[in-house]
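Chemist: One structure is given below, represented as C-alpha cells, and several questions about it will come after.
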Amino acid sequence: MLLFFTVSVLVSDVDKALKSLLQNNPGIWCGGESIKKYPQGLPTGFDALDNILPTHGWPTNALIEVLLPRWGIGELQLLLPVIVAMSQHPKWVAWISPPFVPYAPALVYAGVDIEHLVVIPKEESKAESLWAMEKILRNKSCGIAMSWPQKINDKAMRRLQLAAEEGGSLGFVFRDYQVVSSPAALRISLSIINHQLQVTLLKARGASRGQSILLDLPIL
Amino acid sequence: MPNRRIALALPLPPGFSLESTENISKSANNLTELKQIEPKKKVEQRKKHQTLWLCLFFPDFPLEVVTDSVSGQQVIQPQAVVSEQGRGVFIHTVCDVAREYGVTKNMPLNAAYALCPELKIFHRDREKESATMSLIADWAQTFTSHVSIISTNKILLEVKGSLRFFSGLESMLSMIENSFPSTWSHRYQMAVSPTPLASQLLCEMSDKIIIEDEKSLRPVVGDMPIDSLLKDNVLLLKKIEKIKKTGVKTVQDLWRLPRDGLARRFGVELLKSLDQLTGVASDLRVLHQISPKFERSIELPMETSSSKIIIWTVNRLFENLETFLRKGDTAVVQLNIHLKHLHQSTELVLRLRQMARSAAHMSALFSEKMERTTLSAKVVSVSLMVDEILPFIASDQSLFVDGNFSDKQHKTDPEWENTLEQLQNRLGPNSVKYLHVRDEAHPGWAWCYQSVLSVVRQPGTAMRPLWLLNTATPLPLCETSDLYKKIPDYHGPLSFLQGPERIESGWWRGDEQSIMRDYYIALSQNVGYLWIYRDLKQSGRWYLHGFFG
C-alpha cells in the first residue's frame with residue numbers, strides 16, 4: 001500500500017514537471033497534440049480544406065505561399081469566399097501586380113464589395129511590387145494582400161512574413177510550381193486533376209505535411 | 001416677440017374687427033414697454049465688457065534686426081541705425097554704448113560722428129523689420145486672437161478675453177516672458193491698460209506699467225506730458241508746439257479746458273485722441289492676419305550631400321509648418337521643397353492624397369522621396385514653400401476600433417490613406433486603382449480602373465470569369481477524329497460546357513468597335529475553366545478571353 005502511494009505521488013510530480021517544461025519552452029513542441037493550441041483561423045469556405053489546416057482556416061498574421069503550374073487554374077475561386085468576407089467586413093483587399101485583370105462584374109456577382117478592393121496593376125508596380133506588398137501588409141486596415149511577384153527570394157519572403165505578423169492580415173504570394181522551400185508560415189500547392197482542384201499542404205505549422213484534398217470548384 | 005412685430009407690419013385685411021385692432025395696439029404698447037427696458041440692459045452689458053490691452057514695445061528693434069545680435073551678448077562697439085529723411089541722413093536707433101557718447105535719435109549723422117568717431121552705422125532694413133514683426137505677431141497669437149501691429153516696433157494684444165484661460169494677468173505676463181523665443185534677441189518693454197492708445201504711449205515711458213481698470217487709468221494718463229502725444233504720430237509736432245504755447249503741459253491741463261474751444265482751436269482730432277486715451281471713444285485696430293502663404297528656408301551650416309542632415313533640416317521646417325497650420329486650423333495638399341546647390345537647385349514636390357498638417361506624416365513621405373533622389377551637387381540651403389493653404393477638415397474616426405461597430409459605408413481611414421499615399425509617391429500618381437463596374441454589354445468595357453473611389457453601384461453579371469485578359473489571345477485549332485470538326489486548343493483540346501452566349505454590341509460606334517461574338521465556357525484538362533469566344537466578324541476565329549480562375 002505504502003509503495004503504491006509513493007509511486008502515484010512520483011508520477012504526479014513528473015507530470016507537473018513535464019507540463020511546465022512543455023509549456024514554458026517555446027523550443028519544444030508536441031507533434032499532433034499541439035493542433036488545438038493554434039488560434040482559430042479564418043474559414044476558407046471549403047470544409048475539407050478547413051479540416052486539414054491546423055488553424056481550421058487560413059491562418060491570420062501569416063504569409064501563405066501558393067504554388068501553381070500556371071495562373072488561372074482555380075486559385076481565385078479558392079480565395080473567393082475569404083475575399084467576399086473581408087471586403088464586407090469591411091477590410092481592404094489589395095491586388096499587387098496581378099497577371100490579368102480582376103474582372104469586376106464577376107467579383108460583384110460573387111458578392112465582393114469592390115469598394116474595398118485596390119489594385120496596383122503590373123505595369124505600374126514595376127520593380128516595387130514587394131515594397132508595396134510589405135507596406136500594405138503592415139497596415140492594420142488591410143484584410144488580404146495578394147501578390148504575384150516575378151522574382152522573390154527567401155529574404156524578401158521573410159520580410160513579408162514579418163509584415164503579415166505585424167499587420168495581422170492575410171498575405172498570399174502566388175509563385176511558380178518549382179520553388180522548393182521558403183520561410184512562409186503556410187505553403188500549399190495547387191494543381192488540376194480531372195476538373196478538380198487538388199490542394200496539397202507542403203508546409204504548415206502544427207500539421208503533418210503532404211496531406212492533399214480535392215475540391216470541386218463552384219463555377220460561377 | 002418677432003411674431004408681434006410681423007403682425008404690426010402687415011396691412012389690416014378688410015373687415016377686420018375693431019376688437020382685434022385694439023388687441024394689436026395693446027400688444028404694441030407692451031412692445032414699446034419692452035423696448036424701453038431692452039436697450040437699458042444692453043447698455044449695462046456693454047459697460048461690463050471691458051478690454052485690456054497689452055502693448056509690447058521693442059525700443060532697439062531696427063538695430064537688433066540689422067545686427068542680429070545674440071541676446072545677452074555685451075555690445076562693446078558703438079552702433080547705430082541711420083535713415084534718410086529729406087535731404088540728410090539722421091540717426092534712428094542707438095545702442096547703449098553710443099548713447100553714452102551722447103549720440104541721440106534724430107541727430108544728423110555728421111554730428112554723431114563728431115561725438116563718437118568709431119560709431120558703426122547700419123542702414124535701416126524696413127522689409128526685414130516688417131517680416132520679423134509679423135513673426136512676432138504670429139507668436140503673440142498664441143495668447144489672444146486680437147493682435148495688431150502698430151508702427152514698426154510695437155504690437156498690441158487684447159488680453160481681457162484670455163485672462164481666465166491663463167489664470168490671471170500676472171501668470172499670463174510671466175508666461176509671455178517665458179515663452180518669448182530665446183533665439184530672438186529683442187529687448188522689450190510692456191504696458192497694460194484698458195485702452196489701446198494709453199498702453200501704446202505708456203509702454204515707451206517705462207517697463208511694466210500695469211493698470212487694470214479705467215478708474216486708476218485717469219490719474220496716470222492725466223499726468224502724462226503733452227509731448228508724449230507726439231509718439232506714433234498721435235498728434236503732429238506743429239500742433240503740440242501750438243498747444244504748449246498756451247501753457248498746457250500735461251494731458252490733465254487739456255481736460256480742464258472747454259471741449260468746444262479745444263475743437264475750434266486745435267481740431268477735432270485732438271478731442272478724439274483724448275477720448276480714445278481714456279476709453280470714452282472707441283478705438284478700432286486692424287487685426288494681424290496670418291499670411292496666406294508659407295515660405296521658410298534654413299541655411300545649412302556647411303554644404304553637404306548627406307541625406308540624413310538634409311532630412312533632419314527639412315523636418316525642422318515641417319515642424320514650423322505644422323505649428324503654422326495648427327494656429328490657423330489649416331492644412332495643405334502640396335508641398336514644394338527646394339534643395340539649393342551653389343549654382344542650381346533641385347525641386348521636390350510632395351503631393352498628398354488628402355489634406356494633412358502632421359509633420360511626422362510629411363517627414364515620412366519626404367524621407368521616402370529622398371531615398372530615391374540623387375543629388376547633382378552638395379546642398380547649401382533648403383526651403384519649404386506652400387502656395388495653397390486650405391481650411392482643415394477633420395476626418396471622423398470611429399470610437400470603436402472593432403469593425404462590427406463601423407457601418408458598411410465607405411469611410412476614409414487615415415492610416416490606410418497614408419499607406420496609399422506612400423505607394424503613390426513612390427510608384428506614381430496613378431498607380432493605385434479602384435475597380436469599377438460599368439453598364440456595358442461589351443465584356444471589355446463592362447469594367448474599368450479608376451483612380452478615385454466612386455460609390456456608384458452596378459449589379460454584377462452571372463457567368464463571367466474572375467480573370468479577364470486585357471487583350472484576347474487567339475486560340476489554335478486542333479485536329480479531332482472527325483475530319484470536318486475542328487475544336488480550339490489551349491494546353492489540350494477544349495470541351496464545351498455552356499454556350500453560346502451571343503454578345504452583339506457597339507455597332508453604333510462604327511465598324512471597328514462593334515462586336516459580334518459567341519461566348520462559351522470551356523474546360524481544358526490542364527488549366528480548368530476558360531471563357532472563350534468565337535468572333536463572328538472574323539469568320540469564326542476562336543479567342544481566349546478569361547479564366548474562371
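In the C-alpha cells, the first chain shown is A, the next is B, and so on; residue numbers restart at 1 for each chain, and ligands run from 1 in the order shown.
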Distance table requested - chain B against chain A, cut-off 8 Å, only C-alpha atoms: one row per qualifying residue with the closest atom pair and its distance in Å to one decimal, ordered by chain and rising residue number, as a tab-separated table.
Modeler:
residue	atom	partner	partner_atom	distance
B:Gly403	CA	A:His89	CA	6.7
B:Asn404	CA	A:His89	CA	7.7
B:Lys408	CA	A:Pro90	CA	6.5
B:His410	CA	A:Glu115	CA	7.4
B:Asp413	CA	A:Ser141	CA	7.9
B:Glu415	CA	A:Asn139	CA	7.4
B:Trp416	CA	A:Ser141	CA	6.2
B:Thr419	CA	A:Lys135	CA	6.7
B:Leu423	CA	A:Ala132	CA	6.4
B:Leu427	CA	A:Ser125	CA	6.2
B:Gly428	CA	A:Glu124	CA	7.5
B:Asn430	CA	A:Glu124	CA	8.0
B:Ser431	CA	A:Glu124	CA	5.3
B:Val432	CA	A:Ile120	CA	5.1
B:Lys433	CA	A:Val119	CA	5.0
B:Tyr434	CA	A:Val118	CA	5.0
B:Leu435	CA	A:Ala104	CA	6.3
B:His436	CA	A:Ala104	CA	6.4
B:Val437	CA	A:Ala104	CA	5.7
B:Ala446	CA	A:Pro105	CA	7.0
B:Trp447	CA	A:Ala104	CA	5.8
B:Cys448	CA	A:Ala104	CA	8.0
B:Leu453	CA	A:Glu115	CA	7.0
B:Ser454	CA	A:Glu115	CA	7.8
B:Val455	CA	A:Glu115	CA	7.2
B:Pro459	CA	A:Val108	CA	6.7
B:Gly460	CA	A:Tyr109	CA	4.2
B:Thr461	CA	A:Pro105	CA	5.2
B:Ala462	CA	A:Tyr109	CA	6.2
B:Met463	CA	A:Leu220	CA	5.3
B:Arg464	CA	A:Ala106	CA	5.1
B:Pro465	CA	A:Ala106	CA	6.1
B:Leu466	CA	A:Tyr103	CA	5.1
B:Trp467	CA	A:Pro102	CA	5.0
B:Leu468	CA	A:Val101	CA	5.0
B:Leu469	CA	A:Phe100	CA	5.6
B:Asn470	CA	A:Val101	CA	6.6
B:Leu523	CA	A:His195	CA	7.8
B:Gln525	CA	A:His195	CA	6.7
B:Asn526	CA	A:Ile192	CA	6.1
B:Val527	CA	A:Ile73	CA	5.0
B:Gly528	CA	A:Ile73	CA	5.3
B:Tyr529	CA	A:Ile73	CA	7.4
B:Phe547	CA	A:Gly72	CA	5.3
B:Phe548	CA	A:Gly72	CA	6.7
B:Gly549	CA	A:Gly74	CA	3.9
Chemist: Hey, can you spit out that residue selection with N, CA and C atoms as a CSV table (one decimal), in the first residue's frame?
Modeler:
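Okay, again-v2.csv is ready:
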chain,number,residue,atom,x,y,z
B,403,GLY,N,-14.5,46.4,-36.2
B,403,GLY,CA,-15.2,46.6,-37.4
B,403,GLY,C,-16.7,46.5,-37.2
B,404,ASN,N,-17.2,45.7,-36.2
B,404,ASN,CA,-18.6,45.5,-36.1
B,404,ASN,C,-19.4,46.7,-35.9
B,408,LYS,N,-21.2,49.9,-42.8
B,408,LYS,CA,-20.5,49.4,-44.0
B,408,LYS,C,-20.2,50.4,-45.0
B,410,HIS,N,-18.4,53.4,-47.0
B,410,HIS,CA,-17.0,53.6,-47.1
B,410,HIS,C,-16.6,54.8,-46.2
B,413,ASP,N,-10.1,56.0,-43.9
B,413,ASP,CA,-9.3,55.6,-42.8
B,413,ASP,C,-8.0,56.2,-42.9
B,415,GLU,N,-5.1,56.0,-41.6
B,415,GLU,CA,-3.8,55.2,-41.7
B,415,GLU,C,-3.7,54.6,-43.0
B,416,TRP,N,-4.8,54.1,-43.5
B,416,TRP,CA,-4.9,53.4,-44.8
B,416,TRP,C,-4.5,54.4,-45.9
B,419,THR,N,-0.9,55.0,-46.2
B,419,THR,CA,-0.2,54.0,-46.9
B,419,THR,C,-0.3,54.1,-48.4
B,423,LEU,N,2.5,54.8,-51.3
B,423,LEU,CA,2.6,54.0,-52.6
B,423,LEU,C,2.6,54.9,-53.8
B,427,LEU,N,5.4,55.0,-56.5
B,427,LEU,CA,5.1,54.3,-57.8
B,427,LEU,C,4.5,55.2,-58.9
B,428,GLY,N,4.0,56.3,-58.5
B,428,GLY,CA,3.4,57.2,-59.5
B,428,GLY,C,2.0,57.6,-59.1
B,430,ASN,N,-0.8,57.6,-60.5
B,430,ASN,CA,-2.0,56.8,-60.9
B,430,ASN,C,-1.8,55.3,-60.7
B,431,SER,N,-0.9,55.0,-59.7
B,431,SER,CA,-0.5,53.6,-59.6
B,431,SER,C,-1.6,52.8,-58.8
B,432,VAL,N,-2.3,53.5,-57.9
B,432,VAL,CA,-3.3,52.7,-57.1
B,432,VAL,C,-4.7,52.9,-57.8
B,433,LYS,N,-5.3,51.8,-58.1
B,433,LYS,CA,-6.5,51.8,-58.8
B,433,LYS,C,-7.7,51.2,-58.0
B,434,TYR,N,-8.8,51.6,-58.3
B,434,TYR,CA,-10.0,51.0,-57.7
B,434,TYR,C,-10.8,50.4,-58.9
B,435,LEU,N,-11.5,49.3,-58.6
B,435,LEU,CA,-12.3,48.6,-59.7
B,435,LEU,C,-13.7,49.2,-59.7
B,436,HIS,N,-14.2,49.2,-60.9
B,436,HIS,CA,-15.5,49.8,-61.1
B,436,HIS,C,-16.2,49.1,-62.2
B,437,VAL,N,-17.5,48.8,-62.0
B,437,VAL,CA,-18.3,48.1,-63.0
B,437,VAL,C,-19.1,49.2,-63.8
B,446,ALA,N,-17.1,46.5,-69.7
B,446,ALA,CA,-18.0,46.4,-68.5
B,446,ALA,C,-17.3,46.7,-67.2
B,447,TRP,N,-16.0,46.9,-67.3
B,447,TRP,CA,-15.2,47.2,-66.1
B,447,TRP,C,-14.3,48.4,-66.4
B,448,CYS,N,-13.7,49.0,-65.4
B,448,CYS,CA,-12.6,49.9,-65.6
B,448,CYS,C,-11.9,50.1,-64.3
B,453,LEU,N,-12.1,56.6,-55.8
B,453,LEU,CA,-13.2,55.7,-55.5
B,453,LEU,C,-14.5,56.3,-55.7
B,454,SER,N,-15.4,55.6,-56.5
B,454,SER,CA,-16.7,56.2,-56.7
B,454,SER,C,-17.7,55.2,-56.1
B,455,VAL,N,-18.8,55.7,-55.7
B,455,VAL,CA,-19.8,54.8,-55.0
B,455,VAL,C,-21.0,54.5,-55.8
B,459,PRO,N,-24.9,46.3,-60.7
B,459,PRO,CA,-25.0,44.9,-60.4
B,459,PRO,C,-24.0,44.2,-61.2
B,460,GLY,N,-23.6,43.0,-60.7
B,460,GLY,CA,-22.6,42.2,-61.4
B,460,GLY,C,-23.3,41.4,-62.5
B,461,THR,N,-22.5,40.6,-63.2
B,461,THR,CA,-23.0,39.7,-64.2
B,461,THR,C,-22.7,38.3,-63.9
B,462,ALA,N,-23.7,37.4,-64.2
B,462,ALA,CA,-23.5,36.0,-64.0
B,462,ALA,C,-22.6,35.4,-65.1
B,463,MET,N,-22.1,34.3,-64.8
B,463,MET,CA,-21.3,33.5,-65.8
B,463,MET,C,-20.2,34.4,-66.4
B,464,ARG,N,-19.4,35.0,-65.6
B,464,ARG,CA,-18.3,35.8,-66.0
B,464,ARG,C,-17.0,35.3,-65.3
B,465,PRO,N,-15.9,35.3,-66.0
B,465,PRO,CA,-14.7,34.8,-65.3
B,465,PRO,C,-14.1,35.8,-64.3
B,466,LEU,N,-13.3,35.3,-63.3
B,466,LEU,CA,-12.7,36.2,-62.4
B,466,LEU,C,-11.5,36.9,-62.9
B,467,TRP,N,-10.8,36.2,-63.8
B,467,TRP,CA,-9.7,36.8,-64.5
B,467,TRP,C,-10.1,37.2,-65.9
B,468,LEU,N,-9.8,38.4,-66.3
B,468,LEU,CA,-10.1,38.8,-67.7
B,468,LEU,C,-8.7,39.1,-68.4
B,469,LEU,N,-8.6,38.6,-69.6
B,469,LEU,CA,-7.4,39.0,-70.4
B,469,LEU,C,-7.6,40.4,-71.0
B,470,ASN,N,-6.7,41.3,-70.8
B,470,ASN,CA,-6.9,42.6,-71.4
B,470,ASN,C,-7.0,42.6,-72.9
B,523,LEU,N,-13.7,23.8,-70.9
B,523,LEU,CA,-12.9,23.2,-69.9
B,523,LEU,C,-11.6,22.6,-70.6
B,525,GLN,N,-8.2,20.4,-69.9
B,525,GLN,CA,-7.8,19.3,-69.0
B,525,GLN,C,-6.7,19.8,-68.0
B,526,ASN,N,-5.9,20.7,-68.5
B,526,ASN,CA,-4.7,21.1,-67.7
B,526,ASN,C,-4.9,22.5,-67.0
B,527,VAL,N,-5.8,23.3,-67.5
B,527,VAL,CA,-5.9,24.7,-67.0
B,527,VAL,C,-7.2,24.9,-66.2
B,528,GLY,N,-8.2,24.2,-66.5
B,528,GLY,CA,-9.5,24.4,-65.8
B,528,GLY,C,-10.5,25.1,-66.7
B,529,TYR,N,-11.3,25.9,-66.1
B,529,TYR,CA,-12.4,26.5,-66.8
B,529,TYR,C,-12.0,27.8,-67.5
B,547,PHE,N,-10.1,33.5,-67.5
B,547,PHE,CA,-10.1,32.3,-66.8
B,547,PHE,C,-11.1,32.4,-65.6
B,548,PHE,N,-11.7,31.3,-65.4
B,548,PHE,CA,-12.6,31.3,-64.2
B,548,PHE,C,-11.8,31.2,-62.9
B,549,GLY,N,-10.5,30.9,-63.1
B,549,GLY,CA,-9.5,31.0,-62.0
B,549,GLY,C,-9.9,30.5,-60.7
Chemist: Just list the residues in stretch 91-153 of chain B DSSP gives helix (DSSP H, G or I) on the backbone, as JSON, numbers by chain.
Modeler: {"B": [96, 97, 98, 99, 100, 109, 110, 111, 112, 113, 114, 115, 126, 127, 128, 129, 130, 131, 132, 133, 134, 135, 136, 137, 138, 139, 140]}
Chemist: Which residue gives the smallest distance to B:Val221 among B:Cys116, B:Ile515, B:Val251, B:Ala131, with only C-alpha atoms counted?
Modeler: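 Looking at the shortest contact to B:Val221, the residue is B:Val251.
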Chemist: Within stretch 28-181 of chain B, find each residue whose DSSP state, derived from the backbone, is strand (DSSP E or B), and express the selection as a PyMOL selection string.
Modeler: chain B and resi 53-57+79-85+88-94+108+120-123+147-150+154-158
Chemist: Can you work out the spacing between atom CA of B:Arg187 and atom CA of B:Met133 in Å, to one decimal?
Modeler: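 Result for atom CA of B:Arg187 versus atom CA of B:Met133: 13.2 Å, one decimal.
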Chemist: Could you name the residues that touch stretch 312-316 of chain B at 12 Å or less, counting only C-alpha atoms, but leaving out those on the same chain fewer than 4 positions away, as a PyMOL selection string?
Modeler: chain B and resi 296-301+304+306-308+320-323+335-339+348+358-367+370+379-385
Chemist: Grab the residues selected above and save them as a short mmCIF file (atom, residue, chain, number, x, y, z; two decimals), in the first residue's frame with N, CA, C and O atoms.
Modeler:
data_model
loop_
_atom_site.label_atom_id
_atom_site.label_comp_id
_atom_site.auth_asym_id
_atom_site.auth_seq_id
_atom_site.Cartn_x
_atom_site.Cartn_y
_atom_site.Cartn_z
N ARG B 296 9.62 79.27 -45.88
CA ARG B 296 10.74 79.40 -44.94
C ARG B 296 11.93 78.67 -45.51
O ARG B 296 11.77 77.69 -46.25
N SER B 297 13.08 79.14 -45.14
CA SER B 297 14.26 78.37 -45.56
C SER B 297 15.29 78.36 -44.44
O SER B 297 15.28 79.21 -43.55
N ILE B 298 16.13 77.37 -44.49
CA ILE B 298 17.19 77.24 -43.49
C ILE B 298 18.50 77.08 -44.25
O ILE B 298 18.62 76.26 -45.17
N GLU B 299 19.47 77.88 -43.87
CA GLU B 299 20.81 77.74 -44.45
C GLU B 299 21.53 76.64 -43.68
O GLU B 299 21.54 76.64 -42.45
N LEU B 300 22.14 75.73 -44.41
CA LEU B 300 22.89 74.69 -43.73
C LEU B 300 24.22 75.27 -43.25
O LEU B 300 24.80 76.12 -43.93
N PRO B 301 24.71 74.84 -42.09
CA PRO B 301 25.97 75.39 -41.58
C PRO B 301 27.13 75.15 -42.54
O PRO B 301 28.07 75.94 -42.61
N THR B 304 26.48 70.14 -47.83
CA THR B 304 26.51 68.71 -47.54
C THR B 304 25.75 67.95 -48.62
O THR B 304 24.90 68.50 -49.30
N SER B 306 24.82 64.76 -47.47
CA SER B 306 24.28 63.69 -46.63
C SER B 306 22.77 63.84 -46.51
O SER B 306 22.27 64.88 -46.07
N SER B 307 22.06 62.80 -46.91
CA SER B 307 20.60 62.93 -46.89
C SER B 307 20.09 62.97 -45.46
O SER B 307 19.04 63.53 -45.19
N LYS B 308 20.85 62.40 -44.54
CA LYS B 308 20.43 62.42 -43.12
C LYS B 308 20.31 63.85 -42.62
O LYS B 308 19.33 64.23 -42.00
N ASN B 320 7.87 73.62 -38.22
CA ASN B 320 7.43 75.02 -38.31
C ASN B 320 6.10 75.10 -39.03
O ASN B 320 5.19 75.82 -38.63
N LEU B 321 6.02 74.34 -40.11
CA LEU B 321 4.80 74.35 -40.92
C LEU B 321 3.62 73.84 -40.11
O LEU B 321 2.53 74.40 -40.17
N GLU B 322 3.87 72.79 -39.33
CA GLU B 322 2.75 72.24 -38.55
C GLU B 322 2.23 73.25 -37.54
O GLU B 322 1.02 73.45 -37.43
N THR B 323 3.14 73.93 -36.84
CA THR B 323 2.68 74.95 -35.88
C THR B 323 1.93 76.05 -36.61
O THR B 323 0.90 76.53 -36.13
N LEU B 335 3.34 70.28 -51.20
CA LEU B 335 4.49 70.97 -50.63
C LEU B 335 5.60 71.02 -51.67
O LEU B 335 5.83 70.05 -52.37
N ASN B 336 6.26 72.17 -51.75
CA ASN B 336 7.42 72.27 -52.64
C ASN B 336 8.66 72.43 -51.78
O ASN B 336 8.72 73.33 -50.93
N ILE B 337 9.62 71.56 -52.02
CA ILE B 337 10.86 71.64 -51.26
C ILE B 337 11.99 71.92 -52.24
O ILE B 337 12.16 71.19 -53.22
N HIS B 338 12.71 72.99 -51.99
CA HIS B 338 13.84 73.34 -52.84
C HIS B 338 15.13 73.04 -52.12
O HIS B 338 15.34 73.53 -51.01
N LEU B 339 15.96 72.22 -52.73
CA LEU B 339 17.29 71.98 -52.18
C LEU B 339 18.23 72.82 -53.03
O LEU B 339 18.44 72.52 -54.21
N LEU B 348 11.75 69.31 -55.22
CA LEU B 348 10.99 68.10 -54.92
C LEU B 348 9.57 68.51 -54.58
O LEU B 348 9.35 69.46 -53.83
N SER B 358 0.25 67.08 -40.33
CA SER B 358 1.14 66.47 -39.35
C SER B 358 2.56 66.39 -39.90
O SER B 358 2.80 65.88 -40.99
N ALA B 359 3.49 66.93 -39.10
CA ALA B 359 4.89 66.97 -39.54
C ALA B 359 5.44 65.56 -39.69
O ALA B 359 6.23 65.29 -40.60
N ALA B 360 5.02 64.64 -38.83
CA ALA B 360 5.53 63.28 -38.87
C ALA B 360 5.16 62.62 -40.20
O ALA B 360 5.97 61.91 -40.80
N HIS B 361 3.94 62.87 -40.64
CA HIS B 361 3.47 62.29 -41.89
C HIS B 361 4.27 62.83 -43.07
O HIS B 361 4.75 62.08 -43.92
N MET B 362 4.45 64.15 -43.11
CA MET B 362 5.22 64.75 -44.20
C MET B 362 6.65 64.26 -44.16
O MET B 362 7.26 63.99 -45.20
N SER B 363 7.18 64.12 -42.96
CA SER B 363 8.56 63.69 -42.83
C SER B 363 8.74 62.27 -43.37
O SER B 363 9.73 61.98 -44.05
N ALA B 364 7.76 61.39 -43.11
CA ALA B 364 7.86 60.02 -43.62
C ALA B 364 7.84 60.02 -45.14
O ALA B 364 8.63 59.31 -45.78
N LEU B 365 6.98 60.86 -45.72
CA LEU B 365 6.90 60.93 -47.18
C LEU B 365 8.19 61.49 -47.78
O LEU B 365 8.68 61.03 -48.79
N PHE B 366 8.72 62.50 -47.08
CA PHE B 366 9.92 63.15 -47.61
C PHE B 366 11.12 62.20 -47.55
O PHE B 366 11.89 62.13 -48.51
N SER B 367 11.26 61.46 -46.46
CA SER B 367 12.40 60.52 -46.37
C SER B 367 12.29 59.48 -47.47
O SER B 367 13.28 59.08 -48.07
N MET B 370 13.45 61.17 -50.55
CA MET B 370 14.90 61.43 -50.55
C MET B 370 15.69 60.16 -50.86
O MET B 370 16.74 60.22 -51.49
N VAL B 379 24.33 70.38 -51.11
CA VAL B 379 23.22 71.29 -50.80
C VAL B 379 23.68 72.39 -49.86
O VAL B 379 24.40 72.13 -48.89
N VAL B 380 23.30 73.62 -50.17
CA VAL B 380 23.71 74.76 -49.38
C VAL B 380 22.59 75.19 -48.43
O VAL B 380 22.81 75.48 -47.26
N SER B 381 21.36 75.20 -48.95
CA SER B 381 20.24 75.57 -48.10
C SER B 381 18.98 74.84 -48.56
O SER B 381 18.90 74.40 -49.70
N VAL B 382 18.04 74.73 -47.63
CA VAL B 382 16.78 74.08 -48.00
C VAL B 382 15.65 75.06 -47.73
O VAL B 382 15.71 75.85 -46.79
N SER B 383 14.64 75.03 -48.59
CA SER B 383 13.49 75.88 -48.30
C SER B 383 12.20 75.12 -48.59
O SER B 383 12.17 74.21 -49.41
N LEU B 384 11.19 75.50 -47.84
CA LEU B 384 9.89 74.84 -47.95
C LEU B 384 8.86 75.89 -48.33
O LEU B 384 8.79 76.95 -47.71
N MET B 385 8.11 75.59 -49.38
CA MET B 385 7.12 76.56 -49.83
C MET B 385 5.76 75.90 -49.97
O MET B 385 5.67 74.78 -50.47
#
Chemist: Nearest residue to B:Pro181 out of B:Tyr520, B:Phe166, B:Trp139, B:Tyr113, using only C-alpha atoms?
Modeler: B:Trp139
